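Okay, so here's the structure we're looking at.
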Amino acid sequence: MDAEVVVVGAGPVGLLLAAELAIAGVRPLVVERLAAPAEQPKARGIGVLAAEALRRRGLGAELDREHEQGLRALARDHGTTKTHFAWIHKIDPDVADPGRRGALIGQPALERLLREHLSGLGVQVHYGCTVTGWRDGPDEVTLTIESPTTTRPLTAGYVVGCDGGHSAIRKFAGFGFPGTPPLMTVRYAHAEVRDPDLLPPPGRLAGGTLFHDDGVIATFDFADTTPDRSSPLSAEEVRDSVRRVAGVDVAFAAFHGGLRFTDQARQADAYRRGRTLLAGDAAHVHSPNGGQGLNLGLMDAMNLGWKLAAAVRGAAPDGLLDTYTAERHPVGAAVLHNTRAQSALLAPGPHVDALRDLMSDLMDLPEVNRHLSRVLSGVTHRYPLPYLATHPAVGVHCPPLTIDATAPLDELAAGGRPLLLHPEAKQINTGGRVDAIPIVALGDERLAAVLLRPDGVIAWAAGPGEDLHPPALWQALDTWFPEVH
Ligand SMILES: Cc1cc2nc3c(=O)[nH]c(=O)nc-3n(C[C@H](O)[C@H](O)[C@H](O)COP(=O)(O)OP(=O)(O)OC[C@H]3O[C@@H](n4cnc5c(N)ncnc54)[C@H](O)[C@@H]3O)c2cc1C
């Protein structure tokens with residue numbers, strides 16, 4: 001076999017997954033069809049959960065540095081640092097779960113950071129390698145890899161398609177991809193309009209929404225839901241779309257290309273078929289509204305990395321890999337659901353104008369604002385774990401803790417090992433399955449002790465005054481890390 005795991009695609013999700021595998025002791029082979037890293041500006045930032053996960057791997061200083069610049073850019077472009085729901089910019093990201101924060105980092109900078117992180121772990125990306133074939137066997141998967149000079153087979157124990165929304169791996173392996181077709185096509189172009197006075201002010205118009213600013217023009221075009229995706233965005237195409245949306249005919253003094261995407265919302269029916277798995281946009285596509293795609297995909301990678309590594313090492317309990325779909329599919333479905341609501345709120349017409357006014361007023365209510373902020377950040381989600389755990393924090397991603405121990409959580413978690421943070425850690429013999437760290441306090445009044453999975457999910461917790469040695473702690477250890485016990 002050529003590789004234990006092949007990661008197809010070196011976008012943000014493939015890079016993080018490869019790093020998580022390497023941290024867990026499995027060296028993946030990463031293939032990327034581009035000849036060199038992409039520099040396309042897409043996402044402007046990552047949400048609370050992904051930012052916390054990356055901080056726990058020691059990438060916090062870089063995130064914080066980029067965040068400062070990102071805040072300034074957001075204020076410049078939108079006149080506010082609030083985030084939006086359906087382009088109503090009123091959501092305060094800091095109220096989702098006070099003390100928890102995302103990071104405004106542009107996608108190219110994030111990918112650079114992840115590439116450096118991965119290369120620091122000794123894994124290189126093989127650029128210019130496109131997967132053009134896939135065959136499943138009982139013990140391995142065979143891929144066909146095309147590079148500019150050769151075509152060759154590559155065998156792997158597992159293959160993970162992190163190859164984006166048009167995923168070849170998803171199609172080869174026959175995953176279903178049900179969902180809803182687009183209501184609109186978005187076109188975003190870097191262009192100089194020859195006579196900008198012809199344009200109406202940016203905003204909602206008869207055919208959709210128009211944005212324009214110095215050197216940038218964008219349309220949310222509800223009259224065109226089946227764009228031709230075979231060629232790059234052209235000036236003529238943007239001109240046609242501006243005509244449909246705003247009813248004016250503009251010419252461009254300069255046109256420097258741009259992006260085209262729709263709001264179709266689709267999700268793979270499962271994230272695993274035998275030895276083939278999907279993560280990130282390969283597993284789910286939806287509109288970028290609310291800025292959730294990157295967060296969602298990076299958290300897929302965090303969830304999958306340690307589980308797949310355990311399967312490769314032969315240390316995974318029965319069914320561990322299937323908990324990946326069980327845990328992540330509902331989170332993806334929830335994101336698709338709220339992006340559909342946002343698309344509905346972007347449709348043109350007086351009825352939606354009225355609905356948006358109402359929604360905007362509601363968003364001034366702190367409880368509504370907090371609810372939407374929590375929905376977009378994903379902090380509301382709790383995984384259903386397969387054992388009885390009574391503490392409400394079990395199954396959620398652990399918030400940052402100020403541990404009164406030898407090292408801060410970010411440092412303790414950098415090695416990707418499961419952690420038991422417990423006042424009597426020294427007396428608990430976990431058989432070396434987890435790092436047991438004695439603590440005095442966890443800096444969170446709801447928590448006296450926690451067992452953290454490598455992805456930062458609380459597998460067991462006790463509150464102040466509760467039994468610190470209950471059967472549930474051993475159930476949690478045996479469920480996730482049974483190998484040595
Ligand atoms: C305009 C825009 C704005 C966005 N804004 C936000 C935002 O604000 N917040 C947010 O969270 N998300 C946003 N997103 C979504 C976000 O960019 C994606 O969710 C993210 O890029 C998904 O990462 P990925 O690694 O899964 O896939 P991708 O980034 O698509 O990476 C897939 C990689 O696989 C490679 N590949 C494809 N096929 C093959 C093959 N056959 N063989 C080998 N390699 C292959 C590709 O070249 C690519 O490098 C936005 C997207 C767009 C388009």
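Residues in the structure tokens are named by chain (A, B, ... in the order shown) and by number from 1 within that chain; ligands are numbered from 1 in the order shown.
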
Please identify which residues in segment 171-341 of chain A DSSP calls strand (DSSP E) from the backbone, and express them as a ChimeraX atom specification. /A:179-180,185-193,203-205,208-213,216-221,252-262,265-267,272-273,276-278,284-285

Could you write out that same residue set with C-alpha atoms as a compact mmCIF listing (two decimals), in the first residue's frame?
# COMPACT_ATOMS: atom_id res chain seq x y z
CA GLY A 179 -30.62 19.25 -1.16
CA THR A 180 -32.23 22.34 -2.61
CA THR A 185 -26.52 33.42 -8.43
CA VAL A 186 -23.98 35.75 -6.85
CA ARG A 187 -21.35 37.43 -9.00
CA TYR A 188 -18.53 39.39 -7.40
CA ALA A 189 -16.16 41.21 -9.73
CA HIS A 190 -13.15 43.50 -9.46
CA ALA A 191 -14.04 46.07 -12.08
CA GLU A 192 -14.12 49.81 -12.81
CA VAL A 193 -17.53 50.94 -14.06
CA GLY A 203 -29.06 47.87 -2.00
CA ARG A 204 -32.17 45.90 -2.77
CA LEU A 205 -33.64 46.31 -6.24
CA GLY A 208 -32.08 41.15 -6.43
CA THR A 209 -29.34 43.06 -4.62
CA LEU A 210 -26.56 45.24 -6.06
CA PHE A 211 -23.33 46.19 -4.27
CA HIS A 212 -20.70 48.50 -5.66
CA ASP A 213 -17.76 50.34 -4.27
CA VAL A 216 -15.82 46.23 -6.86
CA ILE A 217 -19.28 45.32 -8.12
CA ALA A 218 -21.52 42.42 -7.04
CA THR A 219 -24.99 41.15 -7.85
CA PHE A 220 -27.34 38.75 -6.05
CA ASP A 221 -29.29 37.76 -9.13
CA PHE A 252 -16.49 48.55 -17.68
CA ALA A 253 -13.37 50.69 -18.08
CA ALA A 254 -11.42 47.79 -16.55
CA PHE A 255 -12.38 44.23 -15.59
CA HIS A 256 -10.11 42.04 -13.45
CA GLY A 257 -12.26 38.92 -13.03
CA GLY A 258 -14.03 37.68 -9.96
CA LEU A 259 -16.15 34.91 -8.45
CA ARG A 260 -19.48 33.31 -9.23
CA PHE A 261 -21.43 31.09 -6.84
CA THR A 262 -24.99 30.08 -6.04
CA ALA A 265 -27.76 23.83 -0.33
CA ARG A 266 -26.77 20.17 -0.56
CA GLN A 267 -25.27 17.67 1.81
CA ARG A 272 -18.31 7.72 5.08
CA ARG A 273 -18.70 4.85 2.64
CA THR A 276 -13.78 6.64 1.63
CA LEU A 277 -14.76 9.70 3.66
CA LEU A 278 -15.70 13.30 2.91
CA HIS A 284 -21.80 20.08 2.18
CA VAL A 285 -22.39 23.16 0.04

Which of segment 205-415 of chain A DSSP labels alpha helix (DSSP H), written as JSON, numbers by chain: {"A": [235, 236, 237, 238, 239, 240, 241, 242, 243, 244, 245, 246, 293, 294, 295, 296, 297, 298, 299, 300, 301, 302, 303, 304, 305, 306, 307, 308, 309, 310, 311, 312, 322, 323, 324, 325, 326, 327, 328, 329, 330, 331, 332, 333, 334, 335, 336, 337, 338, 339, 340, 341, 342, 343, 344, 345, 346, 350, 351, 352, 353, 354, 355, 356, 357, 358, 359, 360, 361, 362, 363, 366, 367, 368, 369, 370, 371, 372, 373, 374, 375, 376, 377, 409, 410, 411, 412]}

So that I can see what lies close to segment 118-135 of chain A, please list as an MDAnalysis selection string the residues with an atom at most 10 Å from it, counting only C-alpha atoms and leaving out residues fewer than 6 positions away in the same chain. chainID A and resid 7:10 14:23 27:37 112 141:155 159 161 163 168:169 171:173 276

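Between ligand 1 and the residues A:Glu140, A:Asp195, A:Asp94, A:Asp263, the shortest atom-to-atom distance, using only C-alpha atoms and all ligand atoms, involves A:Asp263.
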
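Note that the spacing between atom 38 (N, counted along the ligand's line) of ligand 1 and atom CA of Met302 of chain A amounts to 20.8 Å.
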
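Using only C-alpha atoms, the shortest contact distance between Arg374 of chain A and any of A:Gln292, A:Thr479, A:Ser241, A:Thr402 is found at A:Gln292.
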
Env of Arg55 of chain A: 10 Å cut, atoms = only C-alpha atoms, seq-sep filter 6 positions within chain, self excluded. Answer as a PDB file with N, CA, C and O atoms, in the first residue's frame.
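See out.pdb below for the written result:
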ATOM      1  N   LEU A  49     -15.586  28.156  17.186  1.00  0.00           N
ATOM      2  CA  LEU A  49     -15.109  26.796  17.435  1.00  0.00           C
ATOM      3  C   LEU A  49     -13.813  26.498  16.691  1.00  0.00           C
ATOM      4  O   LEU A  49     -12.882  25.904  17.255  1.00  0.00           O
ATOM      5  N   ALA A  61      -1.306  33.075  18.305  1.00  0.00           N
ATOM      6  CA  ALA A  61      -0.642  34.375  18.109  1.00  0.00           C
ATOM      7  C   ALA A  61      -0.890  34.866  16.685  1.00  0.00           C
ATOM      8  O   ALA A  61      -1.215  36.044  16.462  1.00  0.00           O
ATOM      9  N   GLU A  62      -0.772  33.962  15.709  1.00  0.00           N
ATOM     10  CA  GLU A  62      -0.995  34.358  14.302  1.00  0.00           C
ATOM     11  C   GLU A  62      -2.454  34.756  14.088  1.00  0.00           C
ATOM     12  O   GLU A  62      -2.739  35.742  13.402  1.00  0.00           O
ATOM     13  N   LEU A  63      -3.361  34.019  14.683  1.00  0.00           N
ATOM     14  CA  LEU A  63      -4.781  34.364  14.520  1.00  0.00           C
ATOM     15  C   LEU A  63      -5.049  35.750  15.093  1.00  0.00           C
ATOM     16  O   LEU A  63      -5.764  36.559  14.485  1.00  0.00           O
ATOM     17  N   ASP A  64      -4.499  36.025  16.270  1.00  0.00           N
ATOM     18  CA  ASP A  64      -4.749  37.321  16.912  1.00  0.00           C
ATOM     19  C   ASP A  64      -4.200  38.462  16.058  1.00  0.00           C
ATOM     20  O   ASP A  64      -4.826  39.514  15.917  1.00  0.00           O
ATOM     21  N   PRO A 400     -12.648  28.025  26.246  1.00  0.00           N
ATOM     22  CA  PRO A 400     -11.279  28.190  26.754  1.00  0.00           C
ATOM     23  C   PRO A 400     -11.300  28.147  28.280  1.00  0.00           C
ATOM     24  O   PRO A 400     -12.194  28.717  28.900  1.00  0.00           O
ATOM     25  N   LEU A 409      -4.229  25.709  28.725  1.00  0.00           N
ATOM     26  CA  LEU A 409      -4.875  24.654  27.926  1.00  0.00           C
ATOM     27  C   LEU A 409      -4.289  24.595  26.510  1.00  0.00           C
ATOM     28  O   LEU A 409      -4.065  23.516  25.965  1.00  0.00           O
ATOM     29  N   ASP A 410      -4.047  25.784  25.907  1.00  0.00           N
ATOM     30  CA  ASP A 410      -3.534  25.804  24.531  1.00  0.00           C
ATOM     31  C   ASP A 410      -2.258  24.971  24.415  1.00  0.00           C
ATOM     32  O   ASP A 410      -2.045  24.258  23.444  1.00  0.00           O
ATOM     33  N   GLU A 411      -1.413  25.086  25.441  1.00  0.00           N
ATOM     34  CA  GLU A 411      -0.141  24.357  25.405  1.00  0.00           C
ATOM     35  C   GLU A 411      -0.369  22.873  25.687  1.00  0.00           C
ATOM     36  O   GLU A 411       0.207  22.012  25.027  1.00  0.00           O
ATOM     37  N   ALA A 413      -2.928  21.124  25.058  1.00  0.00           N
ATOM     38  CA  ALA A 413      -3.653  20.433  23.993  1.00  0.00           C
ATOM     39  C   ALA A 413      -2.891  20.389  22.679  1.00  0.00           C
ATOM     40  O   ALA A 413      -3.331  19.740  21.738  1.00  0.00           O
ATOM     41  N   ALA A 414      -1.731  21.058  22.609  1.00  0.00           N
ATOM     42  CA  ALA A 414      -1.028  21.174  21.327  1.00  0.00           C
ATOM     43  C   ALA A 414      -0.665  19.815  20.748  1.00  0.00           C
ATOM     44  O   ALA A 414      -0.613  19.630  19.539  1.00  0.00           O
TER      45      ALA A 414
END

Could you tell me which of A:Pro317, A:Pro202, A:Gly290, A:Gly102 comes closest to ligand 1 if we count only C-alpha atoms and all ligand atoms?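 When distances to ligand 1 are compared using only C-alpha atoms and all ligand atoms, the smallest one comes from A:Gly290.
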
Selection near Gly25 of chain A, 10 Å with only C-alpha atoms, sequence-local residues under 6 positions removed, as a PyMOL selection string: chain A and resi 19+306+309-310+312-313+416

Could you turn the residues from that selection into a file that holds C-alpha atoms, as a compact mmCIF listing (two decimals), in the first residue's frame?
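Written file, result.txt:
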# COMPACT_ATOMS: atom_id res chain seq x y z
CA ALA A 19 -2.17 18.05 10.34
CA TRP A 306 -8.10 11.59 15.67
CA ALA A 309 -5.83 7.95 13.02
CA ALA A 310 -7.13 5.53 15.68
CA VAL A 312 -5.43 3.31 11.01
CA ARG A 313 -3.47 2.36 14.15
CA GLY A 416 -3.55 16.40 20.32
